[in-house]
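Student: Once you've had a glance at the structure underneath, I'll fire off some questions.
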Amino acid sequence: MNPVLEFKSVSIRYPETSKDIVSNISFHVHPDERVALFGLNGSGKTTLLLSAVGLVPFTGSIYIDGICLEKNNLQKVRERTGFLFNVPEDQILFPRVLDDVAYGLIRKGTPVKIAHERALSTLESLSVSEVAESSPFQLSHGQRQRIAMAGALITNPSVMLLDEPSSALDPPGKISLTKTLRSLASSILIATHDVEFASKTCSRFLVLDDGGLCEFHNCADASQYLLGDIREKIGDVPH
Amino acid sequence: MKDVFAYWGCGKGLLKILHPHIRILSGFLVGCSCLLIPLQSIPGVILITIITVCWCLLAAMPMRMLLRCAIASIILFIPFFLIAPWIATDTSTASPMIYRFLVSGTIALRSTCCLFVTASTIAVLAIQDVHQGIAFIPMPRIIALLIVQLINQTMLLIDETTRIISVLRIRGASEYRNIRLLFSFPVVWMVRMLFRAERTAAAMTVRGYGIDSIPVEKVKLSFADMLMIFGTSAIFIIVILLRLRIFA
């Protein structure tokens, strides 16, 4: 089975820094696979996700849906990707929730009426259909996060890159997000600190540590590794 | 500042039964009419007053909002009278001072009417109607896109600014000894806005936001929609004719 998302010897360094944020890492995500990406603050999780849509310069190769990410095919790659930013209001571009969620489909030529129907059912799956006619500015942070999520989900992209999707959600919100993500046919890479959410949603776990990447098939192992990393950095963890 | 959100769509008037794009277009035509009505004569003054009052009645803004508009217009436009002594007059004018105050008065009246018309139009448009309304107006998509983003980003800025103000309050900026916190506001604000702009640009890129983001849509107009658009167009044409002194 060919991977839908593949990083091959990818290194990322910002121009103003002397050290690689991510150094020579390789991993892949298979179709329908949900992978969690753990790491401490500043470990490069968001940067890694941004590099997959060509928003951060990198060396090495990134393949999405078999297409190598290059300058001349950025648009093609982005069309196959659903992205959730960690500040949801940044990616809400329309003054009505329904228009924002439906936008991905309208852009692809779906008639407005059908796009709105699909948007409504996507919002329903995330338990926020009641705010479809509202302005995003009247909503809570958690609701905005779900709306941004719906906007990313609606086109059924091959790959979903989610940056802290559960950070602002209440427990019912997390449960419905888990259910929705598990029902999707997309491959999903989730950058998160939420171990419980990741354990319920994902089947494989990556930990970014000092620019390198460790892979685990069990969330408890990944969590143990992270704890070890934390102990190394800040001393013993209080109970 | 959160009141800015409450202001959108707060009107309960008849205009609300119209399609959003008719509300936007009619408001635009009434606003333009107020801008162009010649005010050198009493009929002009009466006409602009009647148009404004009718528009405000049709929008039925809450009294609190009307009062705020009135206070805003007093604060913004009464100062026009302060410049009256320096307004140039024709040497043949019999009473230059009265003439000067009349000029200031017409500027203040026109501005006040425009403010009320704009406020009433906003009051009958929920912020979420704007995109829908603009999608139906046949205009260059780039302009539609700019208008939608202008409103969207302004709301976002207000939201962000409100949060910064709350933080400043909680951290004691209102106390005299912490007044220096206030001076940090512009810096914090600017930096946050720049970062936000950068992140929004990234989101636009990823989501493929572009010229085709607002498709042109077609709608079947109701009788009320047609009546309003014909009425406001007629007012606008009459005002243009008055301006061109066709009736003189």
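We name chains A, B, ... following the order of the structure tokens; residues begin at 1 in each chain, and ligands are numbered from 1 as shown.
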Can I get the residues of chain B within 7 Å of chain A, each with the closest pair of atoms and their distance in Å to one decimal, using only C-alpha atoms, sorted chain first then ascending number, as a Markdown table?

Tutor:
| residue | atom | partner | partner_atom | distance |
| --- | --- | --- | --- | --- |
| B:Ile127 | CA | A:Pro95 | CA | 6.1 |
| B:Gln128 | CA | A:Arg96 | CA | 4.2 |
| B:His131 | CA | A:Pro95 | CA | 6.6 |
| B:Asn152 | CA | A:Pro95 | CA | 5.8 |
| B:Arg196 | CA | A:Asp90 | CA | 6.9 |
| B:Arg199 | CA | A:Asp90 | CA | 6.2 |
| B:Thr200 | CA | A:Asp90 | CA | 4.8 |
| B:Ala203 | CA | A:Gln91 | CA | 5.0 |
| B:Met204 | CA | A:Gln91 | CA | 6.9 |
| B:Val206 | CA | A:Arg78 | CA | 6.0 |
| B:Asp212 | CA | A:Arg107 | CA | 6.9 |
| B:Ser213 | CA | A:Arg107 | CA | 6.2 |

Student: Give me, as a list in words, all polymer residues having an atom no more than 9 Å from Ser111 of chain B, counting only C-alpha atoms and skipping those fewer than 5 positions away in the same chain.

Tutor: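 Here the answer would be Cys34, Leu35, Ser73, Leu76, Phe77, Thr106 and Phe116 of chain B.
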
Student: Write out as a PyMOL selection string the set of residues from segment 108-180 of chain A that DSSP, computed on the backbone, places in helix (DSSP H, G or I).

Tutor: chain A and resi 112-125+129-131+136-138+141-153+171-180

Student: Excluding Val130 of chain B and any residue of its chain fewer than 5 positions from it, enumerate the residues within 8 Å of it, using only C-alpha atoms, and give them as a ChimeraX atom specification.

Tutor: /A:95 /B:20-21,125,148

Student: Could you name the residues that touch segment 22-24 of chain A at 10 Å or less, counting only C-alpha atoms, but leaving out those on the same chain fewer than 3 positions away, as a list in words?

Tutor: Phe7, Lys8, Ser9, Val10, Ser11, Ile12, Arg13, Lys19, Ser43, Gly44, Lys45, Thr47, Leu48, Phe58, Thr59, Gly60, Leu208, Asp209, Asp210, Gly211, Gly212 and Leu213 of chain A

Student: Could you turn the residues from that selection into a file that holds C-alpha atoms, as a PDB file, in the first residue's frame?

Tutor:
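Dumped to result.pdb:
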ATOM      1  CA  PHE A   7       8.425  12.614   4.574  1.00  0.00           C
ATOM      2  CA  LYS A   8      11.833  11.536   3.232  1.00  0.00           C
ATOM      3  CA  SER A   9      14.942  12.891   4.986  1.00  0.00           C
ATOM      4  CA  VAL A  10      13.262  16.208   5.724  1.00  0.00           C
ATOM      5  CA  SER A  11      15.170  18.919   7.556  1.00  0.00           C
ATOM      6  CA  ILE A  12      13.753  22.299   8.422  1.00  0.00           C
ATOM      7  CA  ARG A  13      15.674  25.330   9.532  1.00  0.00           C
ATOM      8  CA  LYS A  19      20.125  24.734  14.348  1.00  0.00           C
ATOM      9  CA  SER A  43       9.732  20.936  19.267  1.00  0.00           C
ATOM     10  CA  GLY A  44       8.594  21.672  15.699  1.00  0.00           C
ATOM     11  CA  LYS A  45       5.187  19.983  15.443  1.00  0.00           C
ATOM     12  CA  THR A  47       6.442  23.659  11.619  1.00  0.00           C
ATOM     13  CA  LEU A  48       6.383  20.078  10.393  1.00  0.00           C
ATOM     14  CA  PHE A  58      12.598  22.446   3.889  1.00  0.00           C
ATOM     15  CA  THR A  59      15.211  20.147   2.443  1.00  0.00           C
ATOM     16  CA  GLY A  60      14.438  16.555   1.528  1.00  0.00           C
ATOM     17  CA  LEU A 208       9.406  14.824  17.995  1.00  0.00           C
ATOM     18  CA  ASP A 209      12.405  15.167  20.237  1.00  0.00           C
ATOM     19  CA  ASP A 210      15.417  17.425  19.693  1.00  0.00           C
ATOM     20  CA  GLY A 211      14.814  17.539  15.963  1.00  0.00           C
ATOM     21  CA  GLY A 212      14.552  13.767  15.667  1.00  0.00           C
ATOM     22  CA  LEU A 213      11.548  11.489  15.468  1.00  0.00           C
TER      23      LEU A 213
END

Student: What parts of segment 4-208 of chain A does DSSP call strand (DSSP E)? I'd like the answer as a PyMOL selection string.

Tutor: chain A and resi 5-12+22-29+34-39+59-64+67-68+81-84+159-163+187-191+204-208

Student: Name all residues at most 12 Å from Cys54 of chain B (count only C-alpha atoms; drop same-chain ones fewer than 5 positions away) and give them as a VMD selection string.

Tutor: chain B and resid 13 to 15 27 30 47 to 49 59 to 61 113 116 to 117 120 232

Student: Residues at most 12 Å from Arg243 of chain B, counting only C-alpha atoms, excluding those fewer than 2 positions away in the same chain, as a PyMOL selection string?

Tutor: chain B and resi 33-41+44+236-241+245-248

Student: With N, CA and C atoms kept, could you save the residues just selected as a CSV table (one decimal), in the first residue's frame?

Tutor:
chain,number,residue,atom,x,y,z
B,33,SER,N,-27.7,59.2,-2.4
B,33,SER,CA,-28.7,60.3,-2.6
B,33,SER,C,-28.5,61.4,-1.5
B,34,CYS,N,-28.2,61.0,-0.3
B,34,CYS,CA,-28.0,61.9,0.8
B,34,CYS,C,-26.7,62.7,0.5
B,35,LEU,N,-25.7,62.1,-0.1
B,35,LEU,CA,-24.5,62.8,-0.4
B,35,LEU,C,-24.6,63.8,-1.5
B,36,LEU,N,-25.6,63.6,-2.4
B,36,LEU,CA,-25.7,64.4,-3.6
B,36,LEU,C,-26.8,65.5,-3.5
B,37,ILE,N,-27.7,65.3,-2.6
B,37,ILE,CA,-28.9,66.3,-2.6
B,37,ILE,C,-28.3,67.7,-2.4
B,38,PRO,N,-28.7,68.6,-3.3
B,38,PRO,CA,-28.3,70.0,-3.1
B,38,PRO,C,-29.0,70.6,-1.9
B,39,LEU,N,-28.2,71.2,-1.1
B,39,LEU,CA,-28.8,71.7,0.2
B,39,LEU,C,-28.8,73.3,0.3
B,40,GLN,N,-28.7,73.9,-0.9
B,40,GLN,CA,-28.7,75.4,-0.9
B,40,GLN,C,-30.1,75.9,-0.7
B,41,SER,N,-31.1,75.1,-0.8
B,41,SER,CA,-32.5,75.6,-0.7
B,41,SER,C,-33.3,74.8,0.4
B,44,GLY,N,-34.4,71.2,-0.5
B,44,GLY,CA,-33.3,70.2,-0.4
B,44,GLY,C,-33.1,69.7,1.0
B,236,PHE,N,-32.7,58.3,-6.2
B,236,PHE,CA,-31.4,58.6,-6.6
B,236,PHE,C,-31.4,59.4,-7.9
B,237,ILE,N,-32.2,59.0,-8.9
B,237,ILE,CA,-32.3,59.7,-10.2
B,237,ILE,C,-32.8,61.1,-10.0
B,238,ILE,N,-33.8,61.3,-9.2
B,238,ILE,CA,-34.4,62.6,-8.9
B,238,ILE,C,-33.3,63.5,-8.3
B,239,VAL,N,-32.5,62.9,-7.4
B,239,VAL,CA,-31.5,63.7,-6.7
B,239,VAL,C,-30.4,64.1,-7.8
B,240,ILE,N,-30.1,63.2,-8.7
B,240,ILE,CA,-29.1,63.5,-9.7
B,240,ILE,C,-29.7,64.7,-10.6
B,241,LEU,N,-31.0,64.6,-10.9
B,241,LEU,CA,-31.6,65.6,-11.8
B,241,LEU,C,-31.6,67.0,-11.0
B,245,ARG,N,-29.6,70.5,-11.9
B,245,ARG,CA,-30.5,71.6,-12.1
B,245,ARG,C,-31.4,71.5,-13.3
B,246,ILE,N,-31.9,70.2,-13.5
B,246,ILE,CA,-32.7,70.0,-14.7
B,246,ILE,C,-34.1,70.7,-14.4
B,247,PHE,N,-34.5,70.7,-13.1
B,247,PHE,CA,-35.8,71.3,-12.8
B,247,PHE,C,-35.8,72.8,-12.7
B,248,ALA,N,-34.6,73.4,-12.7
B,248,ALA,CA,-34.5,74.9,-12.5
B,248,ALA,C,-35.0,75.7,-13.7

Student: Applying 12 Å and only C-alpha atoms, which residues near Arg192 of chain B remain after dropping the ones on its own chain fewer than 6 positions away? List them as number ranges by chain.

Tutor: B: 156-157, 160-161, 163-164, 185-186, 198-200

Student: Go ahead and write the selection's residues with N, CA and C atoms as a PDB file, in the first residue's frame.

Tutor:
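Listing of result-v6.pdb after writing:
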ATOM      1  N   LEU B 156     -12.472  40.784  13.151  1.00  0.00           N
ATOM      2  CA  LEU B 156     -11.411  40.017  13.800  1.00  0.00           C
ATOM      3  C   LEU B 156     -10.508  40.943  14.625  1.00  0.00           C
ATOM      4  N   LEU B 157     -10.195  42.101  14.045  1.00  0.00           N
ATOM      5  CA  LEU B 157      -9.352  43.072  14.747  1.00  0.00           C
ATOM      6  C   LEU B 157     -10.043  43.579  16.000  1.00  0.00           C
ATOM      7  N   GLU B 160      -9.881  40.932  18.613  1.00  0.00           N
ATOM      8  CA  GLU B 160      -8.523  40.856  19.168  1.00  0.00           C
ATOM      9  C   GLU B 160      -8.273  42.049  20.102  1.00  0.00           C
ATOM     10  N   THR B 161      -8.670  43.241  19.632  1.00  0.00           N
ATOM     11  CA  THR B 161      -8.437  44.448  20.427  1.00  0.00           C
ATOM     12  C   THR B 161      -9.201  44.360  21.747  1.00  0.00           C
ATOM     13  N   ARG B 163      -9.892  41.746  23.394  1.00  0.00           N
ATOM     14  CA  ARG B 163      -9.162  40.835  24.281  1.00  0.00           C
ATOM     15  C   ARG B 163      -7.950  41.530  24.904  1.00  0.00           C
ATOM     16  N   ILE B 164      -7.226  42.314  24.092  1.00  0.00           N
ATOM     17  CA  ILE B 164      -6.041  43.005  24.631  1.00  0.00           C
ATOM     18  C   ILE B 164      -6.488  43.998  25.714  1.00  0.00           C
ATOM     19  N   PHE B 185       0.247  49.216  24.930  1.00  0.00           N
ATOM     20  CA  PHE B 185      -0.874  48.777  24.093  1.00  0.00           C
ATOM     21  C   PHE B 185      -0.585  48.847  22.583  1.00  0.00           C
ATOM     22  N   PRO B 186      -0.124  50.030  22.075  1.00  0.00           N
ATOM     23  CA  PRO B 186       0.092  50.089  20.613  1.00  0.00           C
ATOM     24  C   PRO B 186       1.098  49.057  20.116  1.00  0.00           C
ATOM     25  N   GLU B 198      -0.123  37.515   9.192  1.00  0.00           N
ATOM     26  CA  GLU B 198       0.728  36.489   8.594  1.00  0.00           C
ATOM     27  C   GLU B 198       0.026  35.125   8.618  1.00  0.00           C
ATOM     28  N   ARG B 199      -0.593  34.823   9.765  1.00  0.00           N
ATOM     29  CA  ARG B 199      -1.256  33.522   9.897  1.00  0.00           C
ATOM     30  C   ARG B 199      -2.485  33.439   8.992  1.00  0.00           C
ATOM     31  N   THR B 200      -3.219  34.552   8.902  1.00  0.00           N
ATOM     32  CA  THR B 200      -4.403  34.555   8.034  1.00  0.00           C
ATOM     33  C   THR B 200      -3.989  34.389   6.575  1.00  0.00           C
TER      34      THR B 200
END

Student: From the options A:Leu5, A:Met160, A:Leu69, A:Leu139, which residue's atoms come nearest to Phe5 of chain B, counting only C-alpha atoms?

Tutor: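 Answer, going by the shortest atom-to-atom distance: A:Leu139.
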
Student: Rounded to one decimal, what separation in Å do you get between atom CA of Gln132 of chain B and atom CA of Leu145 of chain B?

Tutor: 11.9 Å

Student: Between atom CA of Arg100 of chain B and atom CA of Ala84 of chain B, measure the distance and give it in Å to one decimal.

Tutor: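 The value is 5.2 Å.
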